[in-house]
file input-v1.pdb (PDB, C-alpha atoms)
ATOM      1  CA  MET E   1     -49.123   0.686  40.519  1.00  0.00           C
ATOM      2  CA  LEU E   2     -48.096   2.482  37.307  1.00  0.00           C
ATOM      3  CA  GLU E   3     -48.798  -0.158  34.671  1.00  0.00           C
ATOM      4  CA  GLY E   4     -49.796   1.534  31.425  1.00  0.00           C
ATOM      5  CA  ARG E   5     -48.344   4.900  32.476  1.00  0.00           C
ATOM      6  CA  THR E   6     -45.583   6.703  30.619  1.00  0.00           C
ATOM      7  CA  ALA E   7     -42.993   8.845  32.401  1.00  0.00           C
ATOM      8  CA  LEU E   8     -40.301  11.282  31.319  1.00  0.00           C
ATOM      9  CA  VAL E   9     -37.340  11.782  33.657  1.00  0.00           C
ATOM     10  CA  THR E  10     -34.548  14.302  33.066  1.00  0.00           C
ATOM     11  CA  GLY E  11     -31.050  13.895  34.426  1.00  0.00           C
ATOM     12  CA  ALA E  12     -31.870  10.211  34.258  1.00  0.00           C
ATOM     13  CA  ALA E  13     -28.504   8.533  33.785  1.00  0.00           C
ATOM     14  CA  SER E  14     -27.098   8.769  37.315  1.00  0.00           C
ATOM     15  CA  GLY E  15     -27.799   9.755  40.904  1.00  0.00           C
ATOM     16  CA  ILE E  16     -31.373  10.688  41.764  1.00  0.00           C
ATOM     17  CA  GLY E  17     -32.538  10.422  38.163  1.00  0.00           C
ATOM     18  CA  ALA E  18     -31.316   6.853  37.708  1.00  0.00           C
ATOM     19  CA  ALA E  19     -32.907   5.844  41.019  1.00  0.00           C
ATOM     20  CA  VAL E  20     -36.213   7.388  39.889  1.00  0.00           C
ATOM     21  CA  VAL E  21     -36.074   5.541  36.563  1.00  0.00           C
ATOM     22  CA  ASP E  22     -35.422   2.298  38.441  1.00  0.00           C
ATOM     23  CA  ARG E  23     -38.360   2.849  40.761  1.00  0.00           C
ATOM     24  CA  LEU E  24     -40.895   3.997  38.160  1.00  0.00           C
ATOM     25  CA  ALA E  25     -39.943   1.123  35.855  1.00  0.00           C
ATOM     26  CA  ALA E  26     -40.305  -1.309  38.752  1.00  0.00           C
ATOM     27  CA  GLU E  27     -43.806   0.070  39.343  1.00  0.00           C
ATOM     28  CA  GLY E  28     -44.699  -0.723  35.727  1.00  0.00           C
ATOM     29  CA  ALA E  29     -44.228   2.583  33.911  1.00  0.00           C
ATOM     30  CA  HIS E  30     -42.421   2.990  30.622  1.00  0.00           C
ATOM     31  CA  VAL E  31     -39.796   5.678  31.160  1.00  0.00           C
ATOM     32  CA  HIS E  32     -38.311   8.114  28.665  1.00  0.00           C
ATOM     33  CA  ALA E  33     -34.874   8.757  30.185  1.00  0.00           C
ATOM     34  CA  VAL E  34     -33.238  12.046  29.175  1.00  0.00           C
ATOM     35  CA  ASP E  35     -29.574  12.819  29.844  1.00  0.00           C
ATOM     36  CA  ILE E  36     -26.499  14.307  28.202  1.00  0.00           C
ATOM     37  CA  ASP E  37     -24.458  11.157  28.988  1.00  0.00           C
ATOM     38  CA  GLY E  38     -25.226   8.657  26.240  1.00  0.00           C
ATOM     39  CA  ASP E  39     -22.964   5.922  27.594  1.00  0.00           C
ATOM     40  CA  ALA E  40     -24.614   6.028  31.010  1.00  0.00           C
ATOM     41  CA  LEU E  41     -28.053   5.946  29.383  1.00  0.00           C
ATOM     42  CA  ALA E  42     -27.023   2.872  27.381  1.00  0.00           C
ATOM     43  CA  THR E  43     -25.999   1.159  30.605  1.00  0.00           C
ATOM     44  CA  LEU E  44     -29.354   2.051  32.146  1.00  0.00           C
ATOM     45  CA  VAL E  45     -31.266   0.572  29.210  1.00  0.00           C
ATOM     46  CA  GLU E  46     -29.091  -2.543  29.259  1.00  0.00           C
ATOM     47  CA  ARG E  47     -29.858  -3.046  32.933  1.00  0.00           C
ATOM     48  CA  LEU E  48     -33.621  -2.357  32.842  1.00  0.00           C
ATOM     49  CA  GLY E  49     -34.506  -3.380  29.305  1.00  0.00           C
ATOM     50  CA  ALA E  50     -35.692  -1.481  26.240  1.00  0.00           C
ATOM     51  CA  GLU E  51     -39.278  -2.482  26.975  1.00  0.00           C
ATOM     52  CA  ARG E  52     -39.125  -0.308  30.100  1.00  0.00           C
ATOM     53  CA  VAL E  53     -36.744   2.518  29.156  1.00  0.00           C
ATOM     54  CA  THR E  54     -36.305   4.667  26.050  1.00  0.00           C
ATOM     55  CA  PRO E  55     -33.083   6.733  26.071  1.00  0.00           C
ATOM     56  CA  TRP E  56     -32.871  10.335  24.857  1.00  0.00           C
ATOM     57  CA  VAL E  57     -29.383  11.819  24.645  1.00  0.00           C
ATOM     58  CA  MET E  58     -29.826  15.562  24.998  1.00  0.00           C
ATOM     59  CA  ASP E  59     -28.230  18.708  26.380  1.00  0.00           C
ATOM     60  CA  LEU E  60     -31.228  20.346  28.045  1.00  0.00           C
ATOM     61  CA  SER E  61     -29.561  23.747  27.889  1.00  0.00           C
ATOM     62  CA  ASP E  62     -30.322  23.580  24.149  1.00  0.00           C
ATOM     63  CA  LEU E  63     -33.917  24.687  24.506  1.00  0.00           C
ATOM     64  CA  ASP E  64     -34.762  24.099  20.856  1.00  0.00           C
ATOM     65  CA  ALA E  65     -33.900  20.400  21.258  1.00  0.00           C
ATOM     66  CA  HIS E  66     -36.884  19.928  23.570  1.00  0.00           C
ATOM     67  CA  ALA E  67     -39.193  19.823  20.565  1.00  0.00           C
ATOM     68  CA  SER E  68     -38.047  16.286  19.758  1.00  0.00           C
ATOM     69  CA  LEU E  69     -39.071  14.852  23.132  1.00  0.00           C
ATOM     70  CA  PRO E  70     -42.382  12.996  23.539  1.00  0.00           C
ATOM     71  CA  ARG E  71     -45.298  14.981  24.901  1.00  0.00           C
ATOM     72  CA  ASP E  72     -47.759  12.164  25.565  1.00  0.00           C
ATOM     73  CA  VAL E  73     -46.421  11.398  29.037  1.00  0.00           C
ATOM     74  CA  ASP E  74     -48.422  10.912  32.211  1.00  0.00           C
ATOM     75  CA  ILE E  75     -45.593  11.584  34.658  1.00  0.00           C
ATOM     76  CA  LEU E  76     -42.952  14.295  34.295  1.00  0.00           C
ATOM     77  CA  VAL E  77     -39.993  14.325  36.674  1.00  0.00           C
ATOM     78  CA  ASN E  78     -37.828  17.436  36.278  1.00  0.00           C
ATOM     79  CA  ASN E  79     -34.575  16.377  37.861  1.00  0.00           C
ATOM     80  CA  ALA E  80     -31.670  17.531  35.665  1.00  0.00           C
ATOM     81  CA  GLY E  81     -29.273  19.943  37.292  1.00  0.00           C
ATOM     82  CA  ILE E  82     -25.721  21.240  37.369  1.00  0.00           C
ATOM     83  CA  GLN E  83     -23.820  23.271  39.919  1.00  0.00           C
ATOM     84  CA  HIS E  84     -21.229  26.034  39.974  1.00  0.00           C
ATOM     85  CA  VAL E  85     -19.783  27.473  43.174  1.00  0.00           C
ATOM     86  CA  ALA E  86     -18.411  31.025  43.127  1.00  0.00           C
ATOM     87  CA  PRO E  87     -19.050  34.458  44.693  1.00  0.00           C
ATOM     88  CA  VAL E  88     -21.559  36.592  42.798  1.00  0.00           C
ATOM     89  CA  GLN E  89     -18.919  39.072  41.594  1.00  0.00           C
ATOM     90  CA  ASP E  90     -16.879  36.215  40.098  1.00  0.00           C
ATOM     91  CA  PHE E  91     -19.759  34.088  38.822  1.00  0.00           C
ATOM     92  CA  PRO E  92     -19.469  33.559  35.032  1.00  0.00           C
ATOM     93  CA  VAL E  93     -22.523  35.045  33.341  1.00  0.00           C
ATOM     94  CA  GLU E  94     -22.596  32.251  30.760  1.00  0.00           C
ATOM     95  CA  GLN E  95     -22.631  29.615  33.497  1.00  0.00           C
ATOM     96  CA  PHE E  96     -25.403  31.431  35.393  1.00  0.00           C
ATOM     97  CA  GLU E  97     -27.542  31.455  32.256  1.00  0.00           C
ATOM     98  CA  ARG E  98     -26.780  27.798  31.442  1.00  0.00           C
ATOM     99  CA  ILE E  99     -27.853  26.708  34.930  1.00  0.00           C
ATOM    100  CA  HIS E 100     -31.121  28.598  34.537  1.00  0.00           C
ATOM    101  CA  ARG E 101     -31.755  27.089  31.115  1.00  0.00           C
ATOM    102  CA  ILE E 102     -31.300  23.562  32.452  1.00  0.00           C
ATOM    103  CA  MET E 103     -33.000  23.973  35.824  1.00  0.00           C
ATOM    104  CA  LEU E 104     -35.829  26.467  35.199  1.00  0.00           C
ATOM    105  CA  LEU E 105     -36.455  27.159  31.514  1.00  0.00           C
ATOM    106  CA  SER E 106     -36.248  23.468  30.603  1.00  0.00           C
ATOM    107  CA  PRO E 107     -38.786  22.405  33.282  1.00  0.00           C
ATOM    108  CA  PHE E 108     -41.125  25.181  32.094  1.00  0.00           C
ATOM    109  CA  ARG E 109     -40.896  24.030  28.490  1.00  0.00           C
ATOM    110  CA  LEU E 110     -41.421  20.388  29.418  1.00  0.00           C
ATOM    111  CA  VAL E 111     -44.407  21.107  31.663  1.00  0.00           C
ATOM    112  CA  ARG E 112     -45.910  23.345  28.996  1.00  0.00           C
ATOM    113  CA  ALA E 113     -45.501  20.607  26.383  1.00  0.00           C
ATOM    114  CA  CYS E 114     -46.847  17.750  28.515  1.00  0.00           C
ATOM    115  CA  LEU E 115     -49.831  19.379  30.219  1.00  0.00           C
ATOM    116  CA  PRO E 116     -52.220  19.127  27.229  1.00  0.00           C
ATOM    117  CA  HIS E 117     -51.892  15.329  27.192  1.00  0.00           C
ATOM    118  CA  MET E 118     -52.344  15.144  30.961  1.00  0.00           C
ATOM    119  CA  TYR E 119     -55.398  17.398  30.809  1.00  0.00           C
ATOM    120  CA  ALA E 120     -56.947  15.340  28.009  1.00  0.00           C
ATOM    121  CA  ALA E 121     -56.375  12.152  30.004  1.00  0.00           C
ATOM    122  CA  GLY E 122     -57.713  13.661  33.236  1.00  0.00           C
ATOM    123  CA  TRP E 123     -54.616  12.446  35.101  1.00  0.00           C
ATOM    124  CA  GLY E 124     -51.025  13.543  35.406  1.00  0.00           C
ATOM    125  CA  ARG E 125     -48.149  13.988  37.821  1.00  0.00           C
ATOM    126  CA  VAL E 126     -45.492  16.685  37.710  1.00  0.00           C
ATOM    127  CA  VAL E 127     -42.705  16.071  40.214  1.00  0.00           C
ATOM    128  CA  ASN E 128     -39.972  18.686  40.401  1.00  0.00           C
ATOM    129  CA  VAL E 129     -36.780  17.631  42.130  1.00  0.00           C
ATOM    130  CA  SER E 130     -35.987  20.903  43.815  1.00  0.00           C
ATOM    131  CA  SER E 131     -33.658  21.166  46.793  1.00  0.00           C
ATOM    132  CA  VAL E 132     -33.398  22.529  50.276  1.00  0.00           C
ATOM    133  CA  HIS E 133     -31.889  25.416  48.293  1.00  0.00           C
ATOM    134  CA  GLY E 134     -35.329  26.014  46.852  1.00  0.00           C
ATOM    135  CA  LEU E 135     -36.292  27.048  50.391  1.00  0.00           C
ATOM    136  CA  ARG E 136     -33.013  28.326  51.825  1.00  0.00           C
ATOM    137  CA  ALA E 137     -29.965  30.107  50.426  1.00  0.00           C
ATOM    138  CA  SER E 138     -26.267  29.356  50.763  1.00  0.00           C
ATOM    139  CA  GLU E 139     -23.273  31.453  49.842  1.00  0.00           C
ATOM    140  CA  PHE E 140     -21.609  31.063  46.446  1.00  0.00           C
ATOM    141  CA  LYS E 141     -24.591  29.377  44.742  1.00  0.00           C
ATOM    142  CA  SER E 142     -26.476  32.295  43.212  1.00  0.00           C
ATOM    143  CA  ALA E 143     -27.474  30.468  40.019  1.00  0.00           C
ATOM    144  CA  TYR E 144     -28.523  27.204  41.653  1.00  0.00           C
ATOM    145  CA  VAL E 145     -30.448  28.850  44.491  1.00  0.00           C
ATOM    146  CA  SER E 146     -32.284  31.304  42.248  1.00  0.00           C
ATOM    147  CA  ALA E 147     -33.163  28.572  39.722  1.00  0.00           C
ATOM    148  CA  LYS E 148     -34.537  26.311  42.457  1.00  0.00           C
ATOM    149  CA  HIS E 149     -36.552  29.169  43.978  1.00  0.00           C
ATOM    150  CA  GLY E 150     -38.011  29.778  40.528  1.00  0.00           C
ATOM    151  CA  LEU E 151     -38.841  26.083  40.145  1.00  0.00           C
ATOM    152  CA  GLU E 152     -40.764  26.227  43.430  1.00  0.00           C
ATOM    153  CA  GLY E 153     -42.897  29.071  42.099  1.00  0.00           C
ATOM    154  CA  LEU E 154     -43.481  27.377  38.761  1.00  0.00           C
ATOM    155  CA  SER E 155     -44.559  24.185  40.505  1.00  0.00           C
ATOM    156  CA  LYS E 156     -47.125  26.022  42.620  1.00  0.00           C
ATOM    157  CA  VAL E 157     -48.591  27.881  39.637  1.00  0.00           C
ATOM    158  CA  VAL E 158     -49.009  24.586  37.771  1.00  0.00           C
ATOM    159  CA  ALA E 159     -50.686  23.101  40.837  1.00  0.00           C
ATOM    160  CA  LEU E 160     -53.249  25.907  40.940  1.00  0.00           C
ATOM    161  CA  GLU E 161     -53.977  25.757  37.215  1.00  0.00           C
ATOM    162  CA  ALA E 162     -54.138  21.967  36.996  1.00  0.00           C
ATOM    163  CA  GLY E 163     -55.948  21.073  40.200  1.00  0.00           C
ATOM    164  CA  ASP E 164     -59.366  20.657  38.626  1.00  0.00           C
ATOM    165  CA  LYS E 165     -57.986  18.593  35.744  1.00  0.00           C
ATOM    166  CA  GLY E 166     -56.652  15.588  37.638  1.00  0.00           C
ATOM    167  CA  VAL E 167     -53.046  16.779  37.515  1.00  0.00           C
ATOM    168  CA  THR E 168     -50.848  17.416  40.555  1.00  0.00           C
ATOM    169  CA  SER E 169     -47.572  19.330  40.793  1.00  0.00           C
ATOM    170  CA  ASN E 170     -45.169  19.065  43.706  1.00  0.00           C
ATOM    171  CA  CYS E 171     -41.547  19.656  44.670  1.00  0.00           C
ATOM    172  CA  ILE E 172     -39.155  17.409  46.542  1.00  0.00           C
ATOM    173  CA  ASN E 173     -36.540  19.251  48.589  1.00  0.00           C
ATOM    174  CA  PRO E 174     -33.600  17.110  49.651  1.00  0.00           C
ATOM    175  CA  ALA E 175     -30.448  18.288  51.352  1.00  0.00           C
ATOM    176  CA  TYR E 176     -27.171  16.903  49.997  1.00  0.00           C
ATOM    177  CA  VAL E 177     -27.676  13.582  48.216  1.00  0.00           C
ATOM    178  CA  ARG E 178     -24.923  11.111  47.403  1.00  0.00           C
ATOM    179  CA  THR E 179     -24.728  11.935  43.681  1.00  0.00           C
ATOM    180  CA  PRO E 180     -22.051  12.870  41.117  1.00  0.00           C
ATOM    181  CA  LEU E 181     -23.316  16.473  41.315  1.00  0.00           C
ATOM    182  CA  VAL E 182     -22.429  16.654  45.016  1.00  0.00           C
ATOM    183  CA  GLU E 183     -19.121  14.860  44.593  1.00  0.00           C
ATOM    184  CA  LYS E 184     -18.037  17.232  41.803  1.00  0.00           C
ATOM    185  CA  GLN E 185     -18.561  20.377  43.870  1.00  0.00           C
ATOM    186  CA  ILE E 186     -16.333  19.378  46.803  1.00  0.00           C
ATOM    187  CA  ALA E 187     -13.237  21.026  45.312  1.00  0.00           C
ATOM    188  CA  ASP E 188     -15.168  24.216  44.493  1.00  0.00           C
ATOM    189  CA  GLN E 189     -16.664  24.317  47.976  1.00  0.00           C
ATOM    190  CA  ALA E 190     -13.215  23.905  49.515  1.00  0.00           C
ATOM    191  CA  HIS E 191     -11.855  26.778  47.424  1.00  0.00           C
ATOM    192  CA  ALA E 192     -14.823  29.084  48.094  1.00  0.00           C
ATOM    193  CA  HIS E 193     -14.758  28.463  51.846  1.00  0.00           C
ATOM    194  CA  GLY E 194     -10.976  28.345  52.198  1.00  0.00           C
ATOM    195  CA  ILE E 195     -10.873  24.859  53.721  1.00  0.00           C
ATOM    196  CA  ALA E 196      -9.446  21.477  52.808  1.00  0.00           C
ATOM    197  CA  GLU E 197     -11.487  19.190  50.535  1.00  0.00           C
ATOM    198  CA  SER E 198     -11.505  16.576  53.302  1.00  0.00           C
ATOM    199  CA  ASP E 199     -13.350  19.044  55.556  1.00  0.00           C
ATOM    200  CA  VAL E 200     -16.141  19.977  53.114  1.00  0.00           C
ATOM    201  CA  LEU E 201     -18.557  17.213  54.087  1.00  0.00           C
ATOM    202  CA  GLU E 202     -18.365  17.895  57.828  1.00  0.00           C
ATOM    203  CA  LYS E 203     -17.877  21.676  57.842  1.00  0.00           C
ATOM    204  CA  VAL E 204     -20.135  22.684  54.944  1.00  0.00           C
ATOM    205  CA  MET E 205     -22.533  20.038  53.693  1.00  0.00           C
ATOM    206  CA  LEU E 206     -23.579  18.434  56.977  1.00  0.00           C
ATOM    207  CA  THR E 207     -23.321  21.470  59.263  1.00  0.00           C
ATOM    208  CA  PRO E 208     -26.982  22.618  58.873  1.00  0.00           C
ATOM    209  CA  VAL E 209     -28.550  19.168  59.271  1.00  0.00           C
ATOM    210  CA  ALA E 210     -29.496  17.194  62.365  1.00  0.00           C
ATOM    211  CA  ILE E 211     -29.066  13.824  60.651  1.00  0.00           C
ATOM    212  CA  LYS E 212     -25.367  13.776  59.867  1.00  0.00           C
ATOM    213  CA  ARG E 213     -25.259  11.788  56.652  1.00  0.00           C
ATOM    214  CA  LEU E 214     -25.825  12.176  52.943  1.00  0.00           C
ATOM    215  CA  ILE E 215     -29.234  11.170  51.585  1.00  0.00           C
ATOM    216  CA  GLU E 216     -29.229   8.122  49.311  1.00  0.00           C
ATOM    217  CA  PRO E 217     -30.835   8.450  45.831  1.00  0.00           C
ATOM    218  CA  PRO E 218     -33.364   5.600  46.384  1.00  0.00           C
ATOM    219  CA  GLU E 219     -34.816   7.565  49.313  1.00  0.00           C
ATOM    220  CA  VAL E 220     -35.706  10.392  46.919  1.00  0.00           C
ATOM    221  CA  ALA E 221     -37.051   7.904  44.377  1.00  0.00           C
ATOM    222  CA  ASP E 222     -39.374   6.443  47.023  1.00  0.00           C
ATOM    223  CA  LEU E 223     -40.918   9.873  47.560  1.00  0.00           C
ATOM    224  CA  VAL E 224     -41.302  10.384  43.808  1.00  0.00           C
ATOM    225  CA  ALA E 225     -43.133   7.049  43.598  1.00  0.00           C
ATOM    226  CA  PHE E 226     -45.442   8.058  46.452  1.00  0.00           C
ATOM    227  CA  LEU E 227     -46.321  11.332  44.705  1.00  0.00           C
ATOM    228  CA  CYS E 228     -47.229   9.339  41.589  1.00  0.00           C
ATOM    229  CA  GLY E 229     -49.335   6.796  43.490  1.00  0.00           C
ATOM    230  CA  PRO E 230     -52.976   6.590  44.544  1.00  0.00           C
ATOM    231  CA  SER E 231     -52.434   8.010  48.030  1.00  0.00           C
ATOM    232  CA  SER E 232     -51.291  11.373  46.651  1.00  0.00           C
ATOM    233  CA  ASN E 233     -54.440  12.376  44.770  1.00  0.00           C
ATOM    234  CA  SER E 234     -55.083  15.349  47.077  1.00  0.00           C
ATOM    235  CA  ILE E 235     -51.459  16.431  47.393  1.00  0.00           C
ATOM    236  CA  THR E 236     -50.472  19.320  45.149  1.00  0.00           C
ATOM    237  CA  GLY E 237     -48.644  22.624  45.357  1.00  0.00           C
ATOM    238  CA  SER E 238     -46.480  21.242  48.141  1.00  0.00           C
ATOM    239  CA  SER E 239     -42.755  21.125  48.838  1.00  0.00           C
ATOM    240  CA  PHE E 240     -41.613  17.960  50.582  1.00  0.00           C
ATOM    241  CA  THR E 241     -38.487  18.513  52.646  1.00  0.00           C
ATOM    242  CA  MET E 242     -36.185  15.562  53.196  1.00  0.00           C
ATOM    243  CA  ASP E 243     -33.418  17.724  54.504  1.00  0.00           C
ATOM    244  CA  GLY E 244     -32.296  16.080  57.732  1.00  0.00           C
ATOM    245  CA  GLY E 245     -33.714  18.959  59.754  1.00  0.00           C
ATOM    246  CA  TRP E 246     -32.023  21.799  57.815  1.00  0.00           C
ATOM    247  CA  THR E 247     -35.186  23.918  57.584  1.00  0.00           C
ATOM    248  CA  ALA E 248     -36.086  23.214  61.229  1.00  0.00           C
ATOM    249  CA  HIS E 249     -33.670  26.006  62.237  1.00  0.00           C
TER     250      HIS E 249
END
call {"tool": "encode", "arguments": {"input": "input-v1.pdb", "output": "structure tokens"}}
result
Amino acid sequence: MLEGRTALVTGAASGIGAAVVDRLAAEGAHVHAVDIDGDALATLVERLGAERVTPWVMDLSDLDAHASLPRDVDILVNNAGIQHVAPVQDFPVEQFERIHRIMLLSPFRLVRACLPHMYAAGWGRVVNVSSVHGLRASEFKSAYVSAKHGLEGLSKVVALEAGDKGVTSNCINPAYVRTPLVEKQIADQAHAHGIAESDVLEKVMLTPVAIKRLIEPPEVADLVAFLCGPSSNSITGSSFTMDGGWTAH
């Protein structure tokens, strides 16, 4: 389906990002995989092959480093993200700004850099891995929620500007996915909510959803692949919830 296409995926070494790299490579694309974890990237390349994956070890909060990334890509998947859980009055300013650099300023810079190639080719796909928190808020996540809300707006603006140039821009909005990012925040969630770590999954993460389970990364990757395929030519400016019914409330 994607033979001859080139993709760039951020946060590519684990979780959703690794599943997306797997899926796009399986569909025939060559994938530039960007992540801060060089060892995990090396494992990814070893598994999929250098002919399918090019690794880029990079801290995306270093906005000047973006200049070294390739711009001639047909598919851009903005997936990288980090989390910090704390009340607003205790939230470290430096951490708030870092989250926004990685999850909003970095996607803007990457879209800005890649759009000229997509426009010249008359085809392109921008897929932003947002979150249910791009549509809803939760306590103690001011940086993450505000960055994801900003990503939603950016995605829609790109959709409006790019619609007549063969380029689509969409968001995917999962609830909690079984990823290292989710696993790492369990202790912080327990502290913020005053509960035991063993109760976080049931009492915090799965409380708003009707389907009481974590989403698996390949499920998100399947939706990314659909948005890059031939059946999605008229789909743009949309936010695709896969949230187990969270936003049905």
call {"tool": "atom_distance", "arguments": {"input": "input-v1.pdb", "atom1": "CA of Cys171 in chain E", "atom2": "CA of Ser238 in chain E"}}
result
6.2 Å
call {"tool": "atom_distance", "arguments": {"input": "input-v1.pdb", "atom1": "CA of Ile36 in chain E", "atom2": "CA of Val57 in chain E"}}
result
5.2 Å
call {"tool": "residues_around", "arguments": {"input": "input-v1.pdb", "residues": "range 66-75 of chain E", "least_positions_apart": "2", "cutoff": "10 Å", "atoms": "only C-alpha atoms", "output": "MDAnalysis selection string"}}
result
chainID E and resid 2 4:9 24 29:32 34 56 58:64 77:78 106 109:119 121:127 167:168 228
call {"tool": "closest_atom_pairs", "arguments": {"input": "input-v1.pdb", "of": "range 84-161 of chain E", "to": "range 172-184 of chain E", "cutoff": "12 Å", "atoms": "all atoms listed in the file", "output": "Markdown table"}}
result
| residue | atom | partner | partner_atom | distance |
| --- | --- | --- | --- | --- |
| E:His84 | CA | E:Lys184 | CA | 9.5 |
| E:Val85 | CA | E:Lys184 | CA | 10.5 |
| E:Val126 | CA | E:Ile172 | CA | 10.9 |
| E:Val127 | CA | E:Ile172 | CA | 7.4 |
| E:Asn128 | CA | E:Ile172 | CA | 6.3 |
| E:Val129 | CA | E:Ile172 | CA | 5.0 |
| E:Ser130 | CA | E:Asn173 | CA | 5.1 |
| E:Ser131 | CA | E:Asn173 | CA | 3.9 |
| E:Val132 | CA | E:Asn173 | CA | 4.8 |
| E:His133 | CA | E:Asn173 | CA | 7.7 |
| E:Gly134 | CA | E:Asn173 | CA | 7.1 |
| E:Leu135 | CA | E:Asn173 | CA | 8.0 |
| E:Arg136 | CA | E:Asn173 | CA | 10.3 |
| E:Ala137 | CA | E:Ala175 | CA | 11.9 |
| E:Ser138 | CA | E:Ala175 | CA | 11.8 |
| E:Tyr144 | CA | E:Leu181 | CA | 11.9 |
| E:Lys148 | CA | E:Asn173 | CA | 9.6 |
| E:His149 | CA | E:Asn173 | CA | 10.9 |
| E:Leu151 | CA | E:Ile172 | CA | 10.8 |
| E:Glu152 | CA | E:Ile172 | CA | 9.5 |
| E:Ser155 | CA | E:Ile172 | CA | 10.6 |
call {"tool": "closest_residue", "arguments": {"input": "input-v1.pdb", "among": "E:Gly194, E:Pro92, E:Pro107, E:Pro230", "to": "Gly166 in chain E", "atoms": "all atoms listed in the file"}}
result
E:Pro230
call {"tool": "closest_residue", "arguments": {"input": "input-v1.pdb", "among": "E:Gly81, E:Gly244, E:Glu51, E:Val200", "to": "Gly17 in chain E", "atoms": "all atoms listed in the file"}}
result
E:Gly81
call {"tool": "decode", "arguments": {"input": "input-v1.pdb", "residues": "range 4-38 of chain E", "atoms": "C-alpha atoms", "output": "PDB file, in the first residue's frame"}}
result
ATOM      1  CA  GLY E   4       7.844   4.037  -2.457  1.00  0.00           C
ATOM      2  CA  ARG E   5       6.605   6.268   0.376  1.00  0.00           C
ATOM      3  CA  THR E   6       8.824   7.705   3.083  1.00  0.00           C
ATOM      4  CA  ALA E   7       7.595   8.262   6.640  1.00  0.00           C
ATOM      5  CA  LEU E   8       8.939  10.024   9.714  1.00  0.00           C
ATOM      6  CA  VAL E   9       7.713   8.816  13.108  1.00  0.00           C
ATOM      7  CA  THR E  10       8.625  10.456  16.421  1.00  0.00           C
ATOM      8  CA  GLY E  11       8.685   8.611  19.714  1.00  0.00           C
ATOM      9  CA  ALA E  12       9.413   5.612  17.536  1.00  0.00           C
ATOM     10  CA  ALA E  13      11.392   3.290  19.786  1.00  0.00           C
ATOM     11  CA  SER E  14       8.609   1.894  21.977  1.00  0.00           C
ATOM     12  CA  GLY E  15       4.873   1.765  22.588  1.00  0.00           C
ATOM     13  CA  ILE E  16       2.644   3.350  19.961  1.00  0.00           C
ATOM     14  CA  GLY E  17       5.581   4.672  17.955  1.00  0.00           C
ATOM     15  CA  ALA E  18       7.246   1.277  17.574  1.00  0.00           C
ATOM     16  CA  ALA E  19       3.921  -0.284  16.564  1.00  0.00           C
ATOM     17  CA  VAL E  20       3.454   2.444  13.931  1.00  0.00           C
ATOM     18  CA  VAL E  21       6.957   1.879  12.553  1.00  0.00           C
ATOM     19  CA  ASP E  22       6.227  -1.848  12.346  1.00  0.00           C
ATOM     20  CA  ARG E  23       2.977  -1.285  10.490  1.00  0.00           C
ATOM     21  CA  LEU E  24       4.205   1.362   8.042  1.00  0.00           C
ATOM     22  CA  ALA E  25       7.298  -0.705   7.243  1.00  0.00           C
ATOM     23  CA  ALA E  26       5.104  -3.756   6.686  1.00  0.00           C
ATOM     24  CA  GLU E  27       3.041  -1.703   4.228  1.00  0.00           C
ATOM     25  CA  GLY E  28       6.208  -0.926   2.261  1.00  0.00           C
ATOM     26  CA  ALA E  29       7.254   2.510   3.509  1.00  0.00           C
ATOM     27  CA  HIS E  30      10.772   3.461   4.488  1.00  0.00           C
ATOM     28  CA  VAL E  31      10.560   4.918   7.987  1.00  0.00           C
ATOM     29  CA  HIS E  32      12.774   7.509   9.644  1.00  0.00           C
ATOM     30  CA  ALA E  33      12.424   6.567  13.322  1.00  0.00           C
ATOM     31  CA  VAL E  34      13.140   9.375  15.796  1.00  0.00           C
ATOM     32  CA  ASP E  35      13.611   8.771  19.522  1.00  0.00           C
ATOM     33  CA  ILE E  36      15.816   9.762  22.441  1.00  0.00           C
ATOM     34  CA  ASP E  37      16.536   6.082  23.248  1.00  0.00           C
ATOM     35  CA  GLY E  38      19.353   5.002  20.949  1.00  0.00           C
TER      36      GLY E  38
END
